[in-house]
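Peer 1: Just passing along the structure, written as structure tokens.
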Amino acid sequence: MKPPFFKITLILCLLFISIKGFACHCTLKGEFTIKEVDNFDYVALVKINNSSPMDTTGGISHERPWFFTAEIQELQVFKGSSVTSLKIIQGKRKFGYFTSCDQGIDTGEEWLIFGNINNDQDQIEVNSCTPTSQFKIAGGRMDWQYDGTLKKIKVLESLLEE
């Protein structure tokens with residue numbers, strides 16, 4: 001019995017059509033150490049006050065990935081100059097774009113941020129391949145089951161004591 005023409009055509013089309021895709025690819029590191037701070041221009045514990053979507057005019061690519069801007073309140077700066085906003089290199093579902101790299105950074109939450117200066121825009125950029133991690137959810141409660149952020153903060157506080 002011969003397979004239907006439609007199935008063969010569909011299989012051939014799928015074999016020859018390619019769609020350009022982007023995926024998260026980060027190198028996993030072990031325990032956080034004070035030495036990692038050297039890799040970043042900005043390290044701070046911040047509260048996310050507001051977020052705004054990117055201007056999507058011009059399209060999206062590896063050179064121009066999805067991002068949103070977060071207005072922040074700095075709670076404690078461990079490294080770098082004071083800032084009032086961050087460029088978060090990831091999507092955000094509420095803005096209609098999202099990626100596999102999204103960390104879920106949202107208004108009202110507290111985050112330990114590790115970022116670098118984007119020299120073109122003189123703005124701190126944060127992406128999901130940094131040790132950036134959530135400290136408290138909106139409302140101020142901390143999930144004590146995952147105390148990795150608290151451990152990082154204690155390591156960073158030792159840097160301030162020096």
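In the structure tokens, chains take the letters A, B, ... in the order shown, each chain's residues start at 1, and ligands count up from 1 in the order shown.
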Taking 3 positions as the minimum chain separation for residues in the same chain, which residues sit within 9 Å of stretch 49-52 of chain A when counting only C-alpha atoms? Answer as a PDB file with C-alpha atoms, in the first residue's frame.

Peer 2:
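Ended up saving to selection-v7.pdb:
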ATOM      1  CA  PHE A  68      12.999  44.864  28.438  1.00  0.00           C
ATOM      2  CA  THR A  69      13.960  47.750  30.687  1.00  0.00           C
ATOM      3  CA  ALA A  70      13.521  47.479  34.455  1.00  0.00           C
ATOM      4  CA  GLU A  71      13.305  50.545  36.687  1.00  0.00           C
ATOM      5  CA  ILE A  72      14.991  49.629  39.968  1.00  0.00           C
ATOM      6  CA  GLN A  73      15.617  50.726  43.535  1.00  0.00           C
ATOM      7  CA  PHE A  95       4.937  42.225  26.615  1.00  0.00           C
ATOM      8  CA  ASP A 106       8.997  40.959  37.664  1.00  0.00           C
ATOM      9  CA  THR A 107       7.754  44.089  39.432  1.00  0.00           C
ATOM     10  CA  GLY A 108       7.873  44.033  43.235  1.00  0.00           C
ATOM     11  CA  GLU A 109      10.554  41.339  43.430  1.00  0.00           C
TER      12      GLU A 109
END

Peer 1: Using only C-alpha atoms for the distances, tell me which of A:Ile8, A:Ile117, A:Leu112, A:Ala44 is nearest to A:Phe78.

Peer 2: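 Comparing A:Ile8, A:Ile117, A:Leu112, A:Ala44 against A:Phe78, the winner is A:Ala44.
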
Peer 1: Which residues, written as JSON, numbers by chain, have at least one atom at most 12 Å from A:Gln76, with only C-alpha atoms counted and residues fewer than 2 positions away on the same chain left out?

Peer 2: {"A": [42, 43, 44, 45, 46, 47, 72, 73, 74, 78, 79, 80, 81, 82, 83, 110, 111, 112, 113, 153, 156, 157, 160]}

Peer 1: To test your reading of the structure, identify every residue in stretch 98-145 of chain A that backbone DSSP assigns to strand (DSSP E or B), and report it as an NGL selection string.

Peer 2: :A and (110-118 or 123-127 or 133-136)

Peer 1: Taking C-alpha atoms for each residue, export the selection above as a CSV table (one decimal), in the first residue's frame.

Peer 2:
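Okay, out_37.csv is ready:
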chain,number,residue,atom,x,y,z
A,110,GLU,CA,14.1,41.6,44.8
A,111,TRP,CA,17.0,40.3,42.7
A,112,LEU,CA,20.7,40.0,43.2
A,113,ILE,CA,21.9,41.4,39.9
A,114,PHE,CA,25.2,40.7,38.0
A,115,GLY,CA,25.5,42.9,35.0
A,116,ASN,CA,28.0,44.6,32.6
A,117,ILE,CA,28.0,48.0,30.9
A,118,ASN,CA,26.9,48.1,27.3
A,123,GLN,CA,23.6,51.0,30.3
A,124,ILE,CA,23.9,48.0,32.6
A,125,GLU,CA,22.8,44.8,30.8
A,126,VAL,CA,21.8,41.6,32.6
A,127,ASN,CA,21.3,38.2,31.0
A,133,SER,CA,19.1,35.2,41.1
A,134,GLN,CA,15.9,36.1,42.8
A,135,PHE,CA,16.1,37.0,46.5
A,136,LYS,CA,12.4,37.8,47.4

Peer 1: Between atom CA of A:Phe32 and atom CA of A:Gly104, what is the spacing in Å?

Peer 2: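 Result for atom CA of A:Gly104 versus atom CA of A:Phe32: 21.0 Å, one decimal.
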